[in-house]
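Peer 1: Mind having a look at this structure? Questions to follow.
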Number of protein chains: 2
Amino acid sequence: MRITVIGAGNTGLAMISHLALAGNEVVVYDNSSEVVSALNSTKSIRCGGAINDNATIAFASTDISEAISNTDLILIMTPAFAHKDLAARLGASLQKEVPIILNPGRTFGAMKFEYYFTQTNKFLKPIIAETQTVIHTARRLTANKVHLIAIKDSVEVATKDPDKIGEIITALPEVIRPYFKPAKSIIETSIGNVGMILHSTPLLLNSGWTESPEFSFRHYWDGITPRIANYLEKLDFERLSVAKALGSDLLSTKDWIKRSYHSEGETLFECLRNTIAYEIIEAPNTLEHRYIFEDIPYGLVPLELVGINLGIDMHYTTLIIDLASALLEVDFRENEYDLCQHISYYLKNRK
Amino acid sequence: MRITVIGAGNTGLAMISHLALAGNEVVVYDNSSEVVSALNSTKSIRCGGAINDNATIAFASTDISEAISNTDLILIMTPAFAHKDLAARLGASLQKEVPIILNPGRTFGAMKFEYYFTQTNKFLKPIIAETQTVIHTARRLTANKVHLIAIKDSVEVATKDPDKIGEIITALPEVIRPYFKPAKSIIETSIGNVGMILHSTPLLLNSGWTESPEFSFRHYWDGITPRIANYLEKLDFERLSVAKALGSDLLSTKDWIKRSYHSEGETLFECLRNTIAYEIIEAPNTLEHRYIFEDIPYGLVPLELVGINLGIDMHYTTLIIDLASALLEVDFRENEYDLCQHISYYLKNRK
């Protein structure tokens with residue numbers, strides 16, 4: 001099948017290689033003309049690590065219309081902050097209904113994507129799906145070279161209408177299909193992402209340490225003290241309350257860590273400290289980082305909006321969004337009005 | 001004259017020695033029976049440093065009625081969090097109208113003290129005054145020994161009624177009178193304290209660093225980065241706006257640092273970095289510290305309350321109080337209702 005992969009970053013390049021090596025015709029879109037030139041010059045990607053081979057692509061383009069022409073599937077592999085613009089451009093360019101999958105969606109990502117898509121396209125109704133996380137853990141080395149560290153199992157995928165989740169699984173290319181499983185509802189993929197709990201708050205509560213030119217620290221092991229972990233548990237409780245009000249019982253961040261890393265502990269702090277994989281992870285050295293610019297506006301902001309509309313006390317979430325907005329001098333809630341309209345539509349129409 | 005000094009801590013012990021050495025009859029109140037026993041066993045205090053001599057006190061007591069009996073002046077030398085309880089107990093015990101001076105008052109300290117005093121005493125109307133800071137920089141070595149580092153000049157003193165500021169200066173014992181000057185209004189002593197800007201916010205925005213068992217940092221030089229200093233300037237703007245709305249043009253924290261330390265700089269960050277006296281000051285290693293427990297409830301909370309009542313945008317102040325309350329699990333605004341009543345009374349009745 002012909003597949004368009006949008007975004008040739010760390011996980012995009014891994015996905016492109018994985019799909020192309022299985023015989024799919026892969027077209028790549030990237031907004032960097034340098035990246036596109038490098039890919040077109042050889043049409044080849046060297047993939048090392050968990051898959052070790054040279055992949056061949058059809059072609060790459062910076063023109064979205066060209067990249068999606070005659071495609072059977074569109075995989076979005078960009079950070080969430082690119083979704084809005086991509087949705088509007090896809091809406092303006094798409095000629096037929098092909099599935100669009102966000103890898104991952106982040107909080108209500110697929111719903112927001114659909115909303116912005118419909119702003120530029122009133123006729124087509126493609127299935128827009130989202131995953132809970134990416135299946136590839138990978139690092140891009142050059143535009144033509146990627147190191148694939150691992151492929152995750154059981155990554156949840158969902159679309160707004162729970163009846164169509166099976167259809168999305170069927171639409172996935174055969175070679176990657178085994179790594180996915182259907183979520184019970186889109187709430188699991190949207191609100192199941194724990195990045196919004198673990199990323200921005202420890203960074204904001206260590207702002208000086210983060211931006212000090214002389215000091216660095218390990219994000220989980222140094223930056224999260226018992227008091228900060230206690231705050232994170234309260235923040236997490238708000239996340240779980242929103243999911244529960246929408247009909248989904250999600251794992252707490254503490255239990256997600258226990259399941260993912262086989263760690264033990266009574267409290268979130270103990271679980272974090274007993275997770276050896278977290279020991280070496282350094283904190284960013286700036287607040288101008290996706291831990292803030294992705295996890296706040298595409299994680300906590302939509303969570304807060306839905307929570308408040310459901311009458312849930314979102315105090316701890318609100319405080320972190322307010323603090324980030326004040327420190328960074330950014331209105332992280334600026335798209336809330338649009339978001340609100342589309343989420344209300346979803347909440348009223350869901351089955 | 002007979003003077004009762006309440007609180008025999010760092011600055012209390014310095015004040016006691018200073019007054020006693022000038023021939024005043026000094027009675028000491030402290031809530032620690034160990035401290036009182038030690039003082040009564042010798043009735044002598046060894047004072048070193050800026051004044052070098054042995055002072056003799058009349059007696060010490062843990063009984064407030066006994067300590068204030070037949071006194072001519074009461075000096076309160078405790079942290080602000082002891083004021084409420086002391087005010088109520090003085091109200092219940094005081095037999096005649098003698099001036100009461102808080103060293104220092106903190107935000108609206110004298111007004112709050114008066115309010116709690118009147119809860120237990122409807123008949124006496126003593127002058128209740130406050131200073132902007134303490135005149136002695138000192139460290140207590142034992143209950144009977146103090147090191148007096150320096151005596152500050154030009155410490156402002158004020159009472160609610162601007163017409164009575166002269167009366168308060170006259171009521172001060174002659175030996176310490178030269179170190180004080182009258183404030184134009186109580187707004188200058190109350191809102192002129194910059195501790196509420198410089199203490200709690202950098203600590204909260206470095207919570208993990210503060211409470212990390214392995215790391216320490218210099219409060220001003222490491223903990224306050226350009227971004228945090230930028231936040232402090234916005235917080236300070238709210239403080240100055242409240243003072244201005246109440247009729248006082250106060251120095252900004254930046255200009256106060258320039259004046260106090262002869263430092264230069266365009267921004268608050270530059271001024272802090274150019275203040276050598278700040279270089280060695282270490283940050284506390286816990287959030288359970290007076291930088292939070294004094295500067296939030298006795299600094300920012302009353303400031304916020306008055307600001308909001310005056311229609312001033314207090315967003316940055318509110319955020320810090322909310323953050324401290326959430327992290328420490330303390331309702332720092334719990335006494336706001338009482339406070340509100342008394343400050344409204346002051347605002348309506350001031351000349």
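Here, A, B, ... name the chains of the structure tokens in the order displayed, residue numbers run from 1 inside each chain, and ligands are numbered from 1 in the same displayed order.
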Write out as a ChimeraX atom specification the residues lying within 7 Å of Leu240 (chain B), counting only C-alpha atoms and excluding same-chain residues fewer than 4 positions away.
Peer 2: /B:236,244,250,252
Peer 1: Could you name the residues that touch Phe59 (chain B) at 7 Å or less, counting only C-alpha atoms, but leaving out those on the same chain fewer than 6 positions away, as a ChimeraX atom specification?
Peer 2: /B:27-28,40,43
Peer 1: Identify, on the basis of only C-alpha atoms, every residue whose closest approach to Thr170 (chain B) does not exceed 12 Å; exclude the query and any residue fewer than 4 positions from it along the same chain; express the result as an MDAnalysis selection string.
Peer 2: chainID B and resid 73 99 157 164:166 174:178 180:182
Peer 1: Dump all heavy atoms for the selected residues as an mmCIF file, in the first residue's frame?
Peer 2:
```cif
data_model
loop_
_atom_site.group_PDB
_atom_site.id
_atom_site.type_symbol
_atom_site.label_atom_id
_atom_site.label_comp_id
_atom_site.auth_asym_id
_atom_site.auth_seq_id
_atom_site.Cartn_x
_atom_site.Cartn_y
_atom_site.Cartn_z
ATOM 1 N N LEU B 73 6.518 50.637 78.281
ATOM 2 C CA LEU B 73 6.637 50.405 76.830
ATOM 3 C C LEU B 73 6.764 48.907 76.589
ATOM 4 O O LEU B 73 7.449 48.205 77.343
ATOM 5 C CB LEU B 73 7.912 51.111 76.306
ATOM 6 C CG LEU B 73 8.281 50.899 74.838
ATOM 7 C CD1 LEU B 73 7.263 51.542 73.901
ATOM 8 C CD2 LEU B 73 9.693 51.458 74.557
ATOM 9 N N PRO B 99 2.514 52.311 74.923
ATOM 10 C CA PRO B 99 2.771 52.019 73.512
ATOM 11 C C PRO B 99 3.293 50.592 73.315
ATOM 12 O O PRO B 99 4.051 50.076 74.144
ATOM 13 C CB PRO B 99 3.842 53.039 73.122
ATOM 14 C CG PRO B 99 3.756 54.117 74.149
ATOM 15 C CD PRO B 99 3.323 53.436 75.415
ATOM 16 N N VAL B 157 9.487 53.927 61.303
ATOM 17 C CA VAL B 157 8.496 53.480 62.285
ATOM 18 C C VAL B 157 7.207 54.257 62.020
ATOM 19 O O VAL B 157 7.235 55.413 61.583
ATOM 20 C CB VAL B 157 9.029 53.647 63.736
ATOM 21 C CG1 VAL B 157 9.374 55.088 64.051
ATOM 22 C CG2 VAL B 157 8.048 53.096 64.768
ATOM 23 N N LYS B 164 0.098 60.554 64.815
ATOM 24 C CA LYS B 164 0.699 60.056 66.058
ATOM 25 C C LYS B 164 2.105 59.502 65.876
ATOM 26 O O LYS B 164 2.685 58.931 66.804
ATOM 27 C CB LYS B 164 -0.208 58.996 66.664
ATOM 28 C CG LYS B 164 -1.518 59.595 67.166
ATOM 29 C CD LYS B 164 -2.242 58.681 68.108
ATOM 30 C CE LYS B 164 -3.473 59.396 68.670
ATOM 31 N NZ LYS B 164 -4.480 58.449 69.157
ATOM 32 N N ILE B 165 2.658 59.627 64.645
ATOM 33 C CA ILE B 165 3.995 59.065 64.425
ATOM 34 C C ILE B 165 5.028 59.772 65.307
ATOM 35 O O ILE B 165 5.909 59.142 65.884
ATOM 36 C CB ILE B 165 4.372 59.068 62.920
ATOM 37 C CG1 ILE B 165 3.448 58.074 62.180
ATOM 38 C CG2 ILE B 165 5.827 58.691 62.717
ATOM 39 C CD1 ILE B 165 3.723 57.905 60.697
ATOM 40 N N GLY B 166 4.896 61.102 65.457
ATOM 41 C CA GLY B 166 5.810 61.851 66.326
ATOM 42 C C GLY B 166 5.753 61.331 67.760
ATOM 43 O O GLY B 166 6.790 61.179 68.422
ATOM 44 N N GLU B 174 15.500 56.666 74.790
ATOM 45 C CA GLU B 174 16.459 57.621 74.229
ATOM 46 C C GLU B 174 17.645 56.951 73.523
ATOM 47 O O GLU B 174 18.080 57.404 72.469
ATOM 48 C CB GLU B 174 17.004 58.489 75.376
ATOM 49 C CG GLU B 174 17.223 59.931 75.017
ATOM 50 C CD GLU B 174 17.531 60.748 76.287
ATOM 51 O OE1 GLU B 174 16.746 60.657 77.273
ATOM 52 O OE2 GLU B 174 18.560 61.448 76.269
ATOM 53 N N VAL B 175 18.124 55.832 74.096
ATOM 54 C CA VAL B 175 19.338 55.201 73.568
ATOM 55 C C VAL B 175 19.136 54.615 72.162
ATOM 56 O O VAL B 175 20.081 54.555 71.372
ATOM 57 C CB VAL B 175 19.867 54.128 74.560
ATOM 58 C CG1 VAL B 175 18.851 52.988 74.712
ATOM 59 C CG2 VAL B 175 21.217 53.591 74.104
ATOM 60 N N ILE B 176 17.924 54.213 71.833
ATOM 61 C CA ILE B 176 17.711 53.641 70.492
ATOM 62 C C ILE B 176 17.005 54.622 69.540
ATOM 63 O O ILE B 176 16.962 54.392 68.338
ATOM 64 C CB ILE B 176 16.928 52.298 70.529
ATOM 65 C CG1 ILE B 176 15.549 52.452 71.193
ATOM 66 C CG2 ILE B 176 17.755 51.203 71.215
ATOM 67 C CD1 ILE B 176 14.644 51.238 71.012
ATOM 68 N N ARG B 177 16.491 55.727 70.088
ATOM 69 C CA ARG B 177 15.723 56.679 69.285
ATOM 70 C C ARG B 177 16.466 57.145 68.023
ATOM 71 O O ARG B 177 15.860 57.246 66.950
ATOM 72 C CB ARG B 177 15.290 57.876 70.138
ATOM 73 C CG ARG B 177 14.120 58.645 69.544
ATOM 74 C CD ARG B 177 13.750 59.841 70.416
ATOM 75 N NE ARG B 177 13.319 59.449 71.750
ATOM 76 C CZ ARG B 177 13.479 60.196 72.865
ATOM 77 N NH1 ARG B 177 14.088 61.382 72.786
ATOM 78 N NH2 ARG B 177 13.063 59.773 74.025
ATOM 79 N N PRO B 178 17.791 57.413 68.084
ATOM 80 C CA PRO B 178 18.486 57.924 66.895
ATOM 81 C C PRO B 178 18.485 56.975 65.693
ATOM 82 O O PRO B 178 18.751 57.400 64.581
ATOM 83 C CB PRO B 178 19.922 58.135 67.377
ATOM 84 C CG PRO B 178 19.846 58.172 68.857
ATOM 85 C CD PRO B 178 18.679 57.329 69.243
ATOM 86 N N PHE B 180 15.952 55.365 64.574
ATOM 87 C CA PHE B 180 14.642 55.341 63.913
ATOM 88 C C PHE B 180 14.345 56.664 63.229
ATOM 89 O O PHE B 180 14.886 57.699 63.585
ATOM 90 C CB PHE B 180 13.543 55.053 64.947
ATOM 91 C CG PHE B 180 13.602 53.659 65.503
ATOM 92 C CD1 PHE B 180 14.339 53.368 66.654
ATOM 93 C CD2 PHE B 180 12.923 52.616 64.869
ATOM 94 C CE1 PHE B 180 14.402 52.072 67.159
ATOM 95 C CE2 PHE B 180 12.973 51.318 65.373
ATOM 96 C CZ PHE B 180 13.713 51.048 66.523
ATOM 97 N N LYS B 181 13.440 56.619 62.246
ATOM 98 C CA LYS B 181 12.903 57.853 61.672
ATOM 99 C C LYS B 181 11.425 57.629 61.391
ATOM 100 O O LYS B 181 10.985 56.493 61.151
ATOM 101 C CB LYS B 181 13.668 58.254 60.403
ATOM 102 C CG LYS B 181 13.464 57.327 59.219
ATOM 103 C CD LYS B 181 14.039 57.948 57.948
ATOM 104 C CE LYS B 181 13.672 57.094 56.738
ATOM 105 N NZ LYS B 181 14.231 57.596 55.487
ATOM 106 N N PRO B 182 10.633 58.685 61.422
ATOM 107 C CA PRO B 182 9.205 58.491 61.178
ATOM 108 C C PRO B 182 8.929 58.196 59.703
ATOM 109 O O PRO B 182 9.499 58.834 58.829
ATOM 110 C CB PRO B 182 8.584 59.841 61.569
ATOM 111 C CG PRO B 182 9.700 60.816 61.482
ATOM 112 C CD PRO B 182 10.974 60.090 61.736
#
```
Peer 1: I'd like the interatomic distance between CA of Asp163 (chain A) and CA of Ile343 (chain A), to a tenth of an Å.
Peer 2: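 That distance, rounded to one decimal, is 18.7 Å.
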Peer 1: List every residue of chain A that has an atom at most 7 Å from any atom of chain B, giving for each one its closest atom pair and the distance in Å to one decimal, counting only C-alpha atoms, sorted by chain and then by ascending residue number, as CSV.
Peer 2:
```
residue,atom,partner,partner_atom,distance
A:Leu204,CA,B:Leu205,CA,6.6
A:Leu205,CA,B:Leu205,CA,4.7
A:Asn206,CA,B:Asn206,CA,4.2
A:Ser207,CA,B:Leu205,CA,5.6
A:Gly208,CA,B:Gly223,CA,5.1
A:Trp209,CA,B:Asn206,CA,6.5
A:Glu211,CA,B:Thr225,CA,6.8
A:Ser212,CA,B:Thr225,CA,6.5
A:Asp222,CA,B:Ser212,CA,6.6
A:Gly223,CA,B:Gly208,CA,5.1
A:Ile224,CA,B:Gly208,CA,6.0
A:Thr225,CA,B:Gly208,CA,5.6
A:Arg227,CA,B:Leu327,CA,6.8
A:Ile228,CA,B:Gly208,CA,6.9
A:Tyr231,CA,B:Leu327,CA,6.3
A:Leu319,CA,B:Leu323,CA,6.9
A:Leu323,CA,B:Leu319,CA,6.9
A:Leu327,CA,B:Tyr231,CA,6.4
```
Peer 1: Per DSSP on the backbone, what are the strand (DSSP E) residues of region 22-258 of chain A, as a ChimeraX atom specification?
Peer 2: /A:25-29,44-49,53-56,59-61,73-76,100-102,128-131,136-142,145-151,155-159,180-182
Peer 1: Would you export the selected residues with N, CA and C atoms as a short mmCIF file (atom, residue, chain, number, x, y, z; two decimals), in the first residue's frame, please?
Peer 2:
```cif
data_model
loop_
_atom_site.label_atom_id
_atom_site.label_comp_id
_atom_site.auth_asym_id
_atom_site.auth_seq_id
_atom_site.Cartn_x
_atom_site.Cartn_y
_atom_site.Cartn_z
N GLU A 25 4.99 1.29 -0.24
CA GLU A 25 5.46 2.44 -1.01
C GLU A 25 5.31 3.66 -0.08
N VAL A 26 6.43 4.18 0.44
CA VAL A 26 6.36 5.23 1.44
C VAL A 26 6.74 6.59 0.86
N VAL A 27 5.82 7.55 1.00
CA VAL A 27 6.08 8.93 0.61
C VAL A 27 6.28 9.73 1.90
N VAL A 28 7.29 10.59 1.90
CA VAL A 28 7.62 11.33 3.12
C VAL A 28 7.32 12.81 2.94
N TYR A 29 6.65 13.40 3.94
CA TYR A 29 6.52 14.86 3.97
C TYR A 29 7.34 15.37 5.16
N SER A 44 17.14 6.59 0.17
CA SER A 44 17.51 5.44 1.00
C SER A 44 17.74 5.87 2.44
N ILE A 45 17.35 5.02 3.38
CA ILE A 45 17.58 5.29 4.81
C ILE A 45 18.30 4.10 5.42
N ARG A 46 19.37 4.40 6.15
CA ARG A 46 20.11 3.35 6.85
C ARG A 46 19.49 3.21 8.24
N CYS A 47 18.90 2.06 8.51
CA CYS A 47 18.30 1.81 9.82
C CYS A 47 19.14 0.79 10.58
N GLY A 48 19.56 1.18 11.79
CA GLY A 48 20.34 0.25 12.61
C GLY A 48 19.63 -0.04 13.91
N GLY A 49 20.12 -1.02 14.65
CA GLY A 49 19.53 -1.35 15.95
C GLY A 49 18.56 -2.51 15.85
N ASP A 53 18.91 -2.69 8.39
CA ASP A 53 18.80 -2.85 6.93
C ASP A 53 18.71 -1.47 6.27
N ASN A 54 18.82 -1.46 4.93
CA ASN A 54 18.66 -0.21 4.18
C ASN A 54 17.27 -0.15 3.56
N ALA A 55 16.52 0.91 3.90
CA ALA A 55 15.15 1.05 3.40
C ALA A 55 15.12 2.00 2.20
N THR A 56 14.20 1.77 1.27
CA THR A 56 14.06 2.63 0.09
C THR A 56 12.69 3.29 0.09
N PHE A 59 9.51 8.78 -2.55
CA PHE A 59 10.11 10.12 -2.67
C PHE A 59 9.73 10.93 -1.42
N ALA A 60 10.39 12.10 -1.26
CA ALA A 60 10.07 13.01 -0.16
C ALA A 60 9.65 14.34 -0.77
N SER A 61 8.88 15.12 0.01
CA SER A 61 8.40 16.41 -0.52
C SER A 61 8.13 17.40 0.62
N LEU A 73 -3.06 5.92 3.27
CA LEU A 73 -3.00 6.12 4.73
C LEU A 73 -2.06 7.27 5.03
N ILE A 74 -2.44 8.10 6.01
CA ILE A 74 -1.56 9.20 6.43
C ILE A 74 -1.17 8.98 7.89
N LEU A 75 0.13 8.89 8.16
CA LEU A 75 0.60 8.77 9.54
C LEU A 75 1.27 10.08 9.94
N ILE A 76 0.76 10.72 10.98
CA ILE A 76 1.34 11.98 11.47
C ILE A 76 2.34 11.63 12.57
N ILE A 100 -6.35 8.87 8.85
CA ILE A 100 -5.25 9.72 9.33
C ILE A 100 -4.99 9.30 10.78
N ILE A 101 -3.75 8.95 11.09
CA ILE A 101 -3.44 8.49 12.46
C ILE A 101 -2.36 9.36 13.08
N LEU A 102 -2.67 9.92 14.23
CA LEU A 102 -1.70 10.73 14.97
C LEU A 102 -0.90 9.83 15.89
N ILE A 128 -10.17 9.88 11.77
CA ILE A 128 -8.95 10.45 12.38
C ILE A 128 -8.73 9.72 13.69
N ALA A 129 -7.60 9.01 13.77
CA ALA A 129 -7.32 8.20 14.95
C ALA A 129 -6.08 8.72 15.66
N GLU A 130 -5.86 8.22 16.86
CA GLU A 130 -4.66 8.63 17.61
C GLU A 130 -4.14 7.43 18.39
N THR A 131 -2.82 7.45 18.64
CA THR A 131 -2.23 6.40 19.48
C THR A 131 -1.92 7.02 20.84
N HIS A 136 7.88 3.26 18.18
CA HIS A 136 9.34 3.19 18.08
C HIS A 136 10.04 4.10 19.09
N THR A 137 11.02 3.55 19.80
CA THR A 137 11.95 4.38 20.56
C THR A 137 13.18 4.50 19.67
N ALA A 138 13.46 5.71 19.19
CA ALA A 138 14.50 5.84 18.17
C ALA A 138 15.18 7.20 18.23
N ARG A 139 16.37 7.29 17.69
CA ARG A 139 17.07 8.57 17.56
C ARG A 139 17.55 8.73 16.12
N ARG A 140 17.19 9.86 15.52
CA ARG A 140 17.66 10.16 14.17
C ARG A 140 19.12 10.59 14.24
N LEU A 141 19.98 10.03 13.43
CA LEU A 141 21.40 10.39 13.44
C LEU A 141 21.70 11.40 12.35
N THR A 142 21.19 11.16 11.14
CA THR A 142 21.23 12.15 10.05
C THR A 142 19.86 12.05 9.37
N LYS A 145 19.65 8.41 8.31
CA LYS A 145 20.18 7.38 9.21
C LYS A 145 19.46 7.45 10.55
N VAL A 146 18.99 6.30 11.00
CA VAL A 146 18.25 6.28 12.26
C VAL A 146 18.69 5.08 13.10
N HIS A 147 18.75 5.29 14.42
CA HIS A 147 19.03 4.18 15.32
C HIS A 147 17.74 3.80 16.05
N LEU A 148 17.28 2.58 15.78
CA LEU A 148 16.03 2.10 16.36
C LEU A 148 16.36 1.34 17.65
N ILE A 149 16.05 1.98 18.77
CA ILE A 149 16.42 1.40 20.07
C ILE A 149 15.49 0.24 20.44
N ALA A 150 14.19 0.44 20.26
CA ALA A 150 13.24 -0.62 20.64
C ALA A 150 11.89 -0.38 19.97
N ILE A 151 11.10 -1.43 19.88
CA ILE A 151 9.72 -1.30 19.39
C ILE A 151 8.80 -1.73 20.53
N VAL A 155 0.65 -0.83 22.07
CA VAL A 155 0.34 0.60 22.08
C VAL A 155 -1.12 0.78 21.66
N GLU A 156 -1.85 1.50 22.50
CA GLU A 156 -3.29 1.66 22.27
C GLU A 156 -3.57 2.64 21.14
N VAL A 157 -4.58 2.34 20.36
CA VAL A 157 -5.00 3.22 19.28
C VAL A 157 -6.53 3.37 19.37
N ALA A 158 -7.02 4.57 19.03
CA ALA A 158 -8.46 4.81 19.16
C ALA A 158 -8.91 5.91 18.22
N THR A 159 -10.20 5.93 17.96
CA THR A 159 -10.82 7.03 17.24
C THR A 159 -12.07 7.45 18.01
N PHE A 180 0.15 -2.75 17.89
CA PHE A 180 -0.97 -1.95 18.38
C PHE A 180 -2.07 -2.82 18.97
N LYS A 181 -2.86 -2.20 19.84
CA LYS A 181 -4.08 -2.87 20.30
C LYS A 181 -5.18 -1.82 20.41
N PRO A 182 -6.44 -2.23 20.23
CA PRO A 182 -7.51 -1.22 20.31
C PRO A 182 -7.72 -0.74 21.75
#
```
Peer 1: Using only C-alpha atoms, which of B:Thr286, B:Ser260, B:Ser190, B:Ser241 sits nearest Gly311 (chain B)?
Peer 2: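 When distances to Gly311 (chain B) are compared using only C-alpha atoms, the smallest one comes from B:Ser241.
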Peer 1: Need the shell around Arg290 (chain B): protein/DNA/RNA residues with any atom at most 9 Å away, counting only C-alpha atoms. Skip same-chain ones fewer than 5 positions apart. Format as a ChimeraX atom specification?
Peer 2: /B:79,199-200,295-296
Peer 1: For Glu114 (chain A), list every protein, DNA or RNA residue within 10 Å, evaluated using only C-alpha atoms, and leave out those in the same chain fewer than 5 positions away; present the list as JSON, numbers by chain.
Peer 2: {"A": [84, 87, 88, 91, 100, 109, 119, 121, 125, 126, 127, 128, 129, 160, 342]}
Peer 1: Output the selection as a CSV table (one decimal), in the first residue's frame - all heavy atoms for each residue.
Peer 2:
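Written file, selection-v1.csv:
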```
chain,number,residue,atom,x,y,z
A,84,LYS,N,-2.3,21.4,14.5
A,84,LYS,CA,-3.3,22.4,14.1
A,84,LYS,C,-3.1,22.8,12.6
A,84,LYS,O,-4.0,22.7,11.8
A,84,LYS,CB,-3.3,23.6,15.0
A,84,LYS,CG,-4.3,24.7,14.6
A,84,LYS,CD,-4.2,25.9,15.5
A,84,LYS,CE,-5.2,27.0,15.0
A,84,LYS,NZ,-5.2,28.2,15.9
A,87,ALA,N,-3.5,19.9,10.2
A,87,ALA,CA,-4.9,19.6,10.0
A,87,ALA,C,-5.6,20.5,9.0
A,87,ALA,O,-6.3,20.0,8.1
A,87,ALA,CB,-5.7,19.6,11.3
A,88,ALA,N,-5.3,21.8,9.1
A,88,ALA,CA,-5.9,22.7,8.2
A,88,ALA,C,-5.4,22.5,6.8
A,88,ALA,O,-6.2,22.6,5.8
A,88,ALA,CB,-5.6,24.2,8.7
A,91,GLY,N,-6.9,19.3,5.4
A,91,GLY,CA,-8.3,19.6,5.0
A,91,GLY,C,-8.3,20.3,3.6
A,91,GLY,O,-9.2,20.0,2.8
A,100,ILE,N,-6.4,8.9,8.9
A,100,ILE,CA,-5.2,9.7,9.3
A,100,ILE,C,-5.0,9.3,10.8
A,100,ILE,O,-5.9,9.3,11.6
A,100,ILE,CB,-5.7,11.2,9.3
A,100,ILE,CG1,-6.0,11.6,7.8
A,100,ILE,CG2,-4.6,12.1,9.9
A,100,ILE,CD1,-6.6,13.0,7.7
A,109,GLY,N,-6.3,14.9,21.1
A,109,GLY,CA,-5.6,15.3,19.9
A,109,GLY,C,-6.4,15.0,18.7
A,109,GLY,O,-6.5,15.9,17.8
A,119,GLN,N,-12.5,22.8,9.5
A,119,GLN,CA,-12.4,24.3,9.2
A,119,GLN,C,-12.1,24.5,7.8
A,119,GLN,O,-12.5,25.6,7.2
A,119,GLN,CB,-11.4,25.0,10.1
A,119,GLN,CG,-11.7,24.9,11.6
A,119,GLN,CD,-13.0,25.5,12.0
A,119,GLN,OE1,-13.2,26.6,11.9
A,119,GLN,NE2,-13.9,24.6,12.6
A,121,ASN,N,-12.3,21.9,5.4
A,121,ASN,CA,-12.9,20.8,4.5
A,121,ASN,C,-14.3,20.4,5.1
A,121,ASN,O,-14.3,19.7,6.1
A,121,ASN,CB,-12.0,19.6,4.4
A,121,ASN,CG,-12.4,18.7,3.3
A,121,ASN,OD1,-13.6,18.4,3.1
A,121,ASN,ND2,-11.4,18.1,2.6
A,125,LYS,N,-15.0,13.1,5.4
A,125,LYS,CA,-15.1,12.7,6.8
A,125,LYS,C,-14.1,11.6,7.0
A,125,LYS,O,-14.5,10.4,7.3
A,125,LYS,CB,-16.5,12.3,7.2
A,125,LYS,CG,-17.6,13.3,6.9
A,125,LYS,CD,-17.6,14.4,8.0
A,125,LYS,CE,-18.6,15.5,7.7
A,125,LYS,NZ,-18.3,16.8,8.2
A,126,PRO,N,-12.8,11.8,6.8
A,126,PRO,CA,-11.9,10.7,7.0
A,126,PRO,C,-11.9,10.2,8.5
A,126,PRO,O,-12.2,11.1,9.4
A,126,PRO,CB,-10.5,11.3,6.7
A,126,PRO,CG,-10.7,12.7,6.9
A,126,PRO,CD,-12.1,13.1,6.6
A,127,ILE,N,-11.6,9.0,8.8
A,127,ILE,CA,-11.4,8.6,10.1
A,127,ILE,C,-10.1,9.2,10.6
A,127,ILE,O,-9.0,9.1,10.0
A,127,ILE,CB,-11.2,7.0,10.2
A,127,ILE,CG1,-12.6,6.3,10.0
A,127,ILE,CG2,-10.7,6.6,11.6
A,127,ILE,CD1,-12.5,4.8,10.1
A,128,ILE,N,-10.2,9.9,11.8
A,128,ILE,CA,-9.0,10.4,12.4
A,128,ILE,C,-8.7,9.7,13.7
A,128,ILE,O,-9.6,9.8,14.6
A,128,ILE,CB,-9.1,12.0,12.6
A,128,ILE,CG1,-9.2,12.6,11.2
A,128,ILE,CG2,-7.9,12.5,13.3
A,128,ILE,CD1,-9.5,14.1,11.2
A,129,ALA,N,-7.6,9.0,13.8
A,129,ALA,CA,-7.3,8.2,15.0
A,129,ALA,C,-6.1,8.7,15.7
A,129,ALA,O,-5.3,9.6,15.1
A,129,ALA,CB,-7.1,6.7,14.5
A,160,LYS,N,-12.6,8.6,17.6
A,160,LYS,CA,-13.7,9.2,18.4
A,160,LYS,C,-14.9,8.2,18.6
A,160,LYS,O,-15.4,8.1,19.7
A,160,LYS,CB,-14.2,10.4,17.7
A,160,LYS,CG,-15.0,11.4,18.4
A,160,LYS,CD,-15.3,12.6,17.6
A,160,LYS,CE,-16.3,12.3,16.5
A,160,LYS,NZ,-16.7,13.5,15.7
A,342,HIS,N,-15.1,22.1,19.9
A,342,HIS,CA,-15.0,20.7,19.4
A,342,HIS,C,-15.2,19.7,20.5
A,342,HIS,O,-15.8,18.6,20.2
A,342,HIS,CB,-13.7,20.5,18.6
A,342,HIS,CG,-13.8,19.3,17.8
A,342,HIS,ND1,-14.8,19.3,16.7
A,342,HIS,CD2,-13.2,18.1,17.8
A,342,HIS,CE1,-14.7,18.1,16.2
A,342,HIS,NE2,-13.8,17.4,16.8
```
Peer 1: Restricting the calculation to only C-alpha atoms: of B:Gln95, B:His219, B:Met196, B:Asn24, which residue gets closest to Leu235 (chain B)?
Peer 2: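 Of B:Gln95, B:His219, B:Met196, B:Asn24, the one nearest Leu235 (chain B), counting only C-alpha atoms, is B:Met196.
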Peer 1: Record the distance separating CA of Leu246 (chain A) and CA of Glu167 (chain A), expressed in Å with one decimal.
Peer 2: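 Taking CA of Leu246 (chain A) and CA of Glu167 (chain A), their separation equals 22.7 Å.
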